[in-house]
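Structure file entry16.cif with mmCIF, C-alpha atoms and all ligand atoms:
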data_coords
#
loop_
_atom_site.label_atom_id
_atom_site.label_comp_id
_atom_site.auth_asym_id
_atom_site.auth_seq_id
_atom_site.Cartn_x
_atom_site.Cartn_y
_atom_site.Cartn_z
CA MET A 1 -17.46 -22.33 12.50
CA SER A 2 -14.22 -20.37 12.55
CA LYS A 3 -14.32 -16.90 11.07
CA LEU A 4 -11.79 -15.47 8.65
CA LYS A 5 -10.19 -12.33 10.08
CA ILE A 6 -9.51 -9.81 7.36
CA ALA A 7 -7.70 -6.49 7.80
CA VAL A 8 -8.83 -3.45 5.86
CA GLN A 9 -7.26 0.00 5.83
CA LYS A 10 -9.04 2.12 8.45
CA SER A 11 -8.59 5.42 6.73
CA GLY A 12 -6.98 6.40 3.50
CA ARG A 13 -7.39 5.81 -0.16
CA LEU A 14 -8.05 2.05 -0.03
CA TYR A 15 -10.92 2.14 2.44
CA ASP A 16 -13.91 2.94 0.21
CA GLU A 17 -13.06 0.51 -2.56
CA SER A 18 -12.11 -2.22 -0.09
CA MET A 19 -15.58 -2.04 1.46
CA GLN A 20 -17.13 -1.79 -2.01
CA ILE A 21 -15.52 -5.00 -3.22
CA LEU A 22 -16.70 -6.88 -0.12
CA LYS A 23 -20.18 -5.56 -0.80
CA ASP A 24 -19.93 -6.53 -4.47
CA ILE A 25 -19.16 -10.14 -3.55
CA GLY A 26 -22.27 -10.24 -1.41
CA ILE A 27 -20.75 -9.75 2.02
CA SER A 28 -22.56 -7.20 4.14
CA ILE A 29 -20.77 -5.74 7.13
CA ASP A 30 -22.70 -4.75 10.25
CA ASN A 31 -20.88 -1.77 11.69
CA GLY A 32 -18.95 1.22 10.50
CA LYS A 33 -15.20 1.53 10.97
CA GLU A 34 -15.69 3.36 14.28
CA GLN A 35 -15.97 -0.11 15.82
CA LEU A 36 -12.47 -1.16 14.64
CA LYS A 37 -13.90 -4.66 14.34
CA ALA A 38 -17.09 -5.75 12.58
CA SER A 39 -18.72 -9.04 11.63
CA ALA A 40 -20.32 -9.98 8.36
CA LYS A 41 -23.98 -10.89 8.66
CA ASN A 42 -24.04 -13.62 6.07
CA PHE A 43 -20.49 -14.92 5.83
CA PRO A 44 -17.87 -16.32 8.28
CA LEU A 45 -15.86 -13.12 8.23
CA GLU A 46 -14.63 -10.51 10.69
CA VAL A 47 -13.26 -7.20 9.43
CA PHE A 48 -10.51 -5.38 11.37
CA TYR A 49 -9.96 -1.72 10.51
CA LEU A 50 -6.24 -1.10 10.95
CA ARG A 51 -3.51 1.35 10.09
CA ASN A 52 -1.99 0.60 6.71
CA GLY A 53 1.58 0.31 7.94
CA ASP A 54 0.64 -2.09 10.76
CA ILE A 55 -1.08 -4.64 8.54
CA PRO A 56 2.02 -6.55 7.27
CA GLN A 57 3.12 -7.33 10.84
CA TYR A 58 -0.38 -8.52 11.78
CA LEU A 59 -0.30 -10.84 8.77
CA LYS A 60 3.16 -12.16 9.68
CA ASP A 61 2.07 -12.82 13.27
CA GLY A 62 -1.19 -14.45 12.18
CA VAL A 63 -3.21 -11.90 14.16
CA VAL A 64 -5.26 -11.55 10.98
CA ASP A 65 -5.64 -14.24 8.32
CA ALA A 66 -5.88 -11.96 5.33
CA ALA A 67 -5.85 -8.32 4.28
CA ILE A 68 -6.78 -5.93 1.56
CA ILE A 69 -3.67 -3.82 1.25
CA GLY A 70 -1.51 -1.90 -1.19
CA GLU A 71 1.16 -4.00 -2.84
CA ASN A 72 3.62 -1.17 -2.17
CA VAL A 73 3.17 -1.59 1.60
CA LEU A 74 3.66 -5.36 1.33
CA ILE A 75 6.83 -4.88 -0.69
CA GLU A 76 8.16 -2.40 1.89
CA LYS A 77 7.24 -4.37 5.01
CA GLY A 78 5.76 -7.68 3.93
CA GLY A 79 8.69 -10.03 3.46
CA GLU A 80 7.28 -13.43 2.61
CA ILE A 81 3.56 -12.59 2.69
CA GLN A 82 1.69 -14.14 -0.21
CA ILE A 83 -0.47 -12.19 -2.63
CA VAL A 84 -3.67 -14.13 -3.29
CA GLN A 85 -5.31 -11.85 -5.82
CA LYS A 86 -4.74 -8.46 -7.40
CA LEU A 87 -7.81 -6.28 -6.97
CA GLY A 88 -7.59 -3.82 -9.84
CA PHE A 89 -8.04 -0.61 -7.87
CA SER A 90 -5.85 2.01 -6.19
CA SER A 91 -3.08 1.70 -8.71
CA CYS A 92 -0.10 3.91 -8.08
CA LYS A 93 3.63 4.12 -8.55
CA VAL A 94 6.40 4.50 -6.02
CA SER A 95 8.68 7.06 -7.60
CA ILE A 96 11.67 9.30 -7.07
CA ALA A 97 11.00 13.00 -7.55
CA VAL A 98 13.27 16.04 -7.44
CA PRO A 99 12.61 19.79 -7.62
CA LYS A 100 11.52 20.82 -11.10
CA SER A 101 14.57 23.06 -11.44
CA ALA A 102 17.08 20.38 -10.42
CA LYS A 103 19.37 18.84 -13.01
CA TYR A 104 18.66 15.13 -13.33
CA THR A 105 20.04 12.79 -15.96
CA SER A 106 20.57 9.52 -14.08
CA MET A 107 20.58 7.90 -10.65
CA GLN A 108 24.22 9.02 -10.31
CA ASP A 109 22.89 12.54 -9.72
CA LEU A 110 21.59 11.27 -6.35
CA GLU A 111 25.04 10.23 -5.11
CA GLY A 112 25.63 11.73 -1.67
CA LYS A 113 22.20 13.38 -1.66
CA ARG A 114 19.44 13.34 0.98
CA ILE A 115 16.24 11.48 0.14
CA ALA A 116 13.06 11.79 2.21
CA THR A 117 10.67 8.82 2.14
CA SER A 118 8.22 6.59 3.99
CA TYR A 119 9.59 3.58 2.06
CA PRO A 120 13.18 3.16 3.33
CA ASN A 121 13.56 -0.54 2.47
CA THR A 122 12.26 -0.10 -1.07
CA VAL A 123 14.50 2.94 -1.60
CA GLN A 124 17.61 1.35 -0.11
CA GLN A 125 17.20 -1.70 -2.35
CA PHE A 126 16.88 0.51 -5.41
CA LEU A 127 19.93 2.57 -4.40
CA ASP A 128 21.98 -0.59 -3.83
CA LYS A 129 20.92 -1.99 -7.20
CA ASN A 130 22.15 1.21 -8.84
CA ASN A 131 25.33 1.49 -6.72
CA VAL A 132 24.30 4.87 -5.36
CA ASN A 133 24.98 6.06 -1.82
CA ALA A 134 22.42 8.46 -0.41
CA GLN A 135 21.20 9.50 3.00
CA LEU A 136 17.63 8.49 3.86
CA HIS A 137 15.31 10.62 5.96
CA ILE A 138 12.30 8.64 7.06
CA ILE A 139 9.08 10.63 7.39
CA ASN A 140 5.58 9.24 7.61
CA GLY A 141 3.51 11.74 5.65
CA SER A 142 3.62 14.92 3.62
CA VAL A 143 6.92 13.71 2.20
CA GLU A 144 6.70 15.99 -0.83
CA ILE A 145 7.27 19.07 1.30
CA ALA A 146 10.78 17.92 2.30
CA PRO A 147 12.72 19.54 -0.57
CA ASN A 148 10.90 22.85 -0.06
CA ILE A 149 11.83 23.06 3.61
CA GLY A 150 15.43 22.12 2.95
CA LEU A 151 15.19 18.67 4.52
CA ALA A 152 16.04 16.68 1.40
CA ASP A 153 17.22 16.91 -2.21
CA ALA A 154 14.81 14.27 -3.46
CA ILE A 155 11.82 12.27 -2.27
CA VAL A 156 10.40 8.81 -2.84
CA ASP A 157 6.67 8.45 -2.39
CA ILE A 158 3.48 7.23 -3.97
CA VAL A 159 2.40 8.91 -7.17
CA SER A 160 -1.21 8.44 -8.18
CA SER A 161 -2.66 11.41 -10.06
CA GLY A 162 0.65 13.30 -9.82
CA SER A 163 -1.14 16.25 -8.26
CA THR A 164 0.90 16.27 -5.02
CA LEU A 165 4.17 16.34 -6.98
CA PHE A 166 2.87 19.14 -9.17
CA LYS A 167 1.64 21.25 -6.26
CA ASN A 168 5.02 20.96 -4.57
CA GLY A 169 7.06 21.87 -7.64
CA LEU A 170 8.54 18.40 -8.06
CA LYS A 171 9.10 16.19 -11.11
CA GLU A 172 9.07 12.40 -11.26
CA VAL A 173 12.44 11.06 -12.42
CA GLU A 174 12.42 7.30 -11.66
CA VAL A 175 9.69 4.72 -11.08
CA LEU A 176 10.74 2.15 -8.46
CA LEU A 177 7.63 0.02 -8.70
CA LYS A 178 3.99 -0.11 -9.73
CA SER A 179 1.37 -1.12 -7.25
CA GLU A 180 -2.34 -1.78 -6.78
CA ALA A 181 -4.59 -3.07 -4.01
CA VAL A 182 -4.23 -6.80 -3.40
CA LEU A 183 -5.75 -9.55 -1.30
CA ALA A 184 -2.96 -11.02 0.82
CA ALA A 185 -2.82 -14.03 3.14
CA SER A 186 -1.03 -14.67 6.41
CA PRO A 187 1.56 -17.48 6.22
CA LEU A 188 -0.09 -18.84 9.40
CA ILE A 189 -3.65 -19.09 8.03
CA SER A 190 -5.49 -22.31 9.03
CA ASP A 191 -6.80 -24.75 6.43
CA ALA A 192 -10.41 -23.93 7.32
CA ASN A 193 -9.84 -20.20 6.94
CA LEU A 194 -7.89 -20.75 3.73
CA GLU A 195 -11.00 -22.41 2.30
CA THR A 196 -13.06 -19.35 3.22
CA LEU A 197 -10.39 -17.10 1.69
CA ASN A 198 -10.53 -19.12 -1.53
CA ILE A 199 -14.30 -18.58 -1.72
CA ILE A 200 -13.66 -14.83 -1.39
CA LYS A 201 -10.95 -14.98 -4.06
CA PHE A 202 -13.26 -16.89 -6.40
CA ARG A 203 -16.08 -14.36 -5.93
CA ILE A 204 -13.71 -11.43 -6.42
CA GLU A 205 -12.44 -12.97 -9.66
CA SER A 206 -15.98 -13.08 -11.05
CA VAL A 207 -16.74 -9.53 -9.94
CA LEU A 208 -13.53 -8.25 -11.58
CA LYS A 209 -14.37 -10.12 -14.79
CA GLY A 210 -17.79 -8.48 -14.77
CA ARG A 211 -16.25 -5.04 -14.29
CA ARG A 212 -13.97 -5.41 -17.32
C1 LIG B 301 -0.45 10.17 -0.66
C2 LIG B 301 0.98 9.91 -1.03
C3 LIG B 301 1.29 11.01 -1.99
C4 LIG B 301 -0.02 11.32 -2.66
C5 LIG B 301 -0.04 10.78 -4.06
O1 LIG B 301 -0.47 11.13 0.35
O2 LIG B 301 1.82 9.92 0.12
O3 LIG B 301 1.73 12.13 -1.27
O4 LIG B 301 -1.03 10.67 -1.87
O5 LIG B 301 -1.27 11.03 -4.71
P1 LIG B 301 -1.41 12.00 -5.97
O6 LIG B 301 -0.32 11.61 -6.94
O7 LIG B 301 -2.77 11.66 -6.51
O8 LIG B 301 -1.28 13.40 -5.52
P2 LIG B 301 -1.74 11.40 1.26
O9 LIG B 301 -2.52 12.51 0.66
O10 LIG B 301 -2.48 10.13 1.45
O11 LIG B 301 -1.18 11.95 2.64
P3 LIG B 301 0.11 11.57 3.54
O12 LIG B 301 1.30 11.52 2.66
O13 LIG B 301 0.22 12.69 4.52
O14 LIG B 301 -0.16 10.26 4.19
MG MG B 302 1.53 12.10 0.79
#

Could you render the structure from this file as structure tokens?
Amino acid sequence: MSKLKIAVQKSGRLYDESMQILKDIGISIDNGKEQLKASAKNFPLEVFYLRNGDIPQYLKDGVVDAAIIGENVLIEKGGEIQIVQKLGFSSCKVSIAVPKSAKYTSMQDLEGKRIATSYPNTVQQFLDKNNVNAQLHIINGSVEIAPNIGLADAIVDIVSSGSTLFKNGLKEVEVLLKSEAVLAASPLISDANLETLNIIKFRIESVLKGRR
């Protein structure tokens, strides 16, 4: 029987709850994430522990059939990848923030400014929609430090508790999108694996109903 290959974030804020939801739907995984790949004991499933940002490409290429991933990452890099089911955890926003002392009344205040972000496509789309020209600086982590070290006038990053913004003396001024963890499918998934994925989706739906 063919096994469904599912990608899960290797490290980061989605990992624990991703493994928890698999457990909650009765799928027990053999190995820890040190293995990078693990099989379920009682279900036709293989788990691949991957870097968050790599997962959309693996889905597009059909290297994995499905993934548990943040909607924000799919929106940034996912293109036409289909969301099968929202998972109700790891909710966050992708927001613009500026130094607390900066004057901000509207998007026009960002005209000609420098924005640091790990979400260039999402930001560029939002800028275009608002007819604002700004210079993007792409950095992969610790984005909130950029204004303090003189690298940027504003940042766009994930806001969850808001603690990182607060600690870096920044204030949220625009919300680009809201996001949560989702189950996503590769456009190249086989019919047999799609059936397995639908069983997973069905079980997740009942677990989420029970949690409510
Ligand atoms: C993430 C994200 C934000 C922060 C948001 O960073 O990039 O900086 O969490 O969460 P909060 O609103 O609850 O503070 P992370 O700590 O994962 O590190 P990284 O940016 O270096 O990847
Ligand atoms: Mg961060």

Compute the distance from (5.2, -11.5, 9.4) to each atom, counting only C-alpha atoms, keep the residues with any atom at most 9 Å away, and return them as a VMD selection string; use the coordinates of the file. chain A and resid 56 to 62 77 to 81 186 to 187

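Between CA of His137 in chain A and CA of Leu14 in chain A the separation is 25.6 Å.
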
Take CA of Val47 in chain A and CA of Val63 in chain A and report the distance between them in Å, one decimal.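 Taking CA of Val47 in chain A as the start and CA of Val63 in chain A as the end point, the length is 12.1 Å.
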
From the set A:Ala116, A:Met1, A:Ala7, A:Ala185, which residue has the shortest atom-to-atom contact distance to Ile138 in chain A, counting all atoms listed in the file? A:Ala116

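Among the candidate residues A:Ile68, A:Ala102, A:Ile6, A:Val173, the one lying nearest to Asp153 in chain A is A:Ala102, with distances computed using all atoms listed in the file.
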
Neighbours of ligand MG 302 (chain B) at 9 Å or closer, counting only C-alpha atoms and all ligand atoms: which residues, as an MDAnalysis selection string? chainID A and resid 140:144 157:159 164

Restricting the calculation to all atoms listed in the file, which member of A:Ser90, A:Ser28, A:Ser160, A:Ser106 is positioned closest to ligand LIG 301 (chain B)?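 Once distances to ligand LIG 301 (chain B) are computed over all atoms listed in the file, the minimum belongs to A:Ser160.
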
Would you mind reading off the distance between CA of Ile204 in chain A and CA of Val73 in chain A, one decimal, in Å? 21.1 Å

Padding 4 Å on each side, edges along x, y and z: where is the centre of the box around the listed atoms of ligand LIG 301 (chain B), and how long are its edges in Å to one decimal? Output it as lines of an AutoDock Vina configuration file.
center_x = -0.5
center_y = 11.7
center_z = -1.2
size_x = 12.6
size_y = 11.5
size_z = 19.5

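The list of residues with at least one atom within 7 Å of Ile69 in chain A, based on only C-alpha atoms and without residues fewer than 3 positions apart in the same chain, reads Val8, Gln9, Ala181, Val182 and Leu183 of chain A.
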
Which residues come within 12 Å of Phe202 in chain A, counting only C-alpha atoms, excluding same-chain residues fewer than 5 positions away, as JSON, numbers by chain? {"A": [25, 84, 85, 87, 183, 195, 196, 197, 207, 208, 209]}

Give the residue list for ligand LIG 301 (chain B) at 12 Å, counting only C-alpha atoms and all ligand atoms, as a PyMOL selection string, sorted by chain and then by residue number. chain A and resi 11-15+51-53+72-73+90-97+116-119+139-146+155-168+170-172
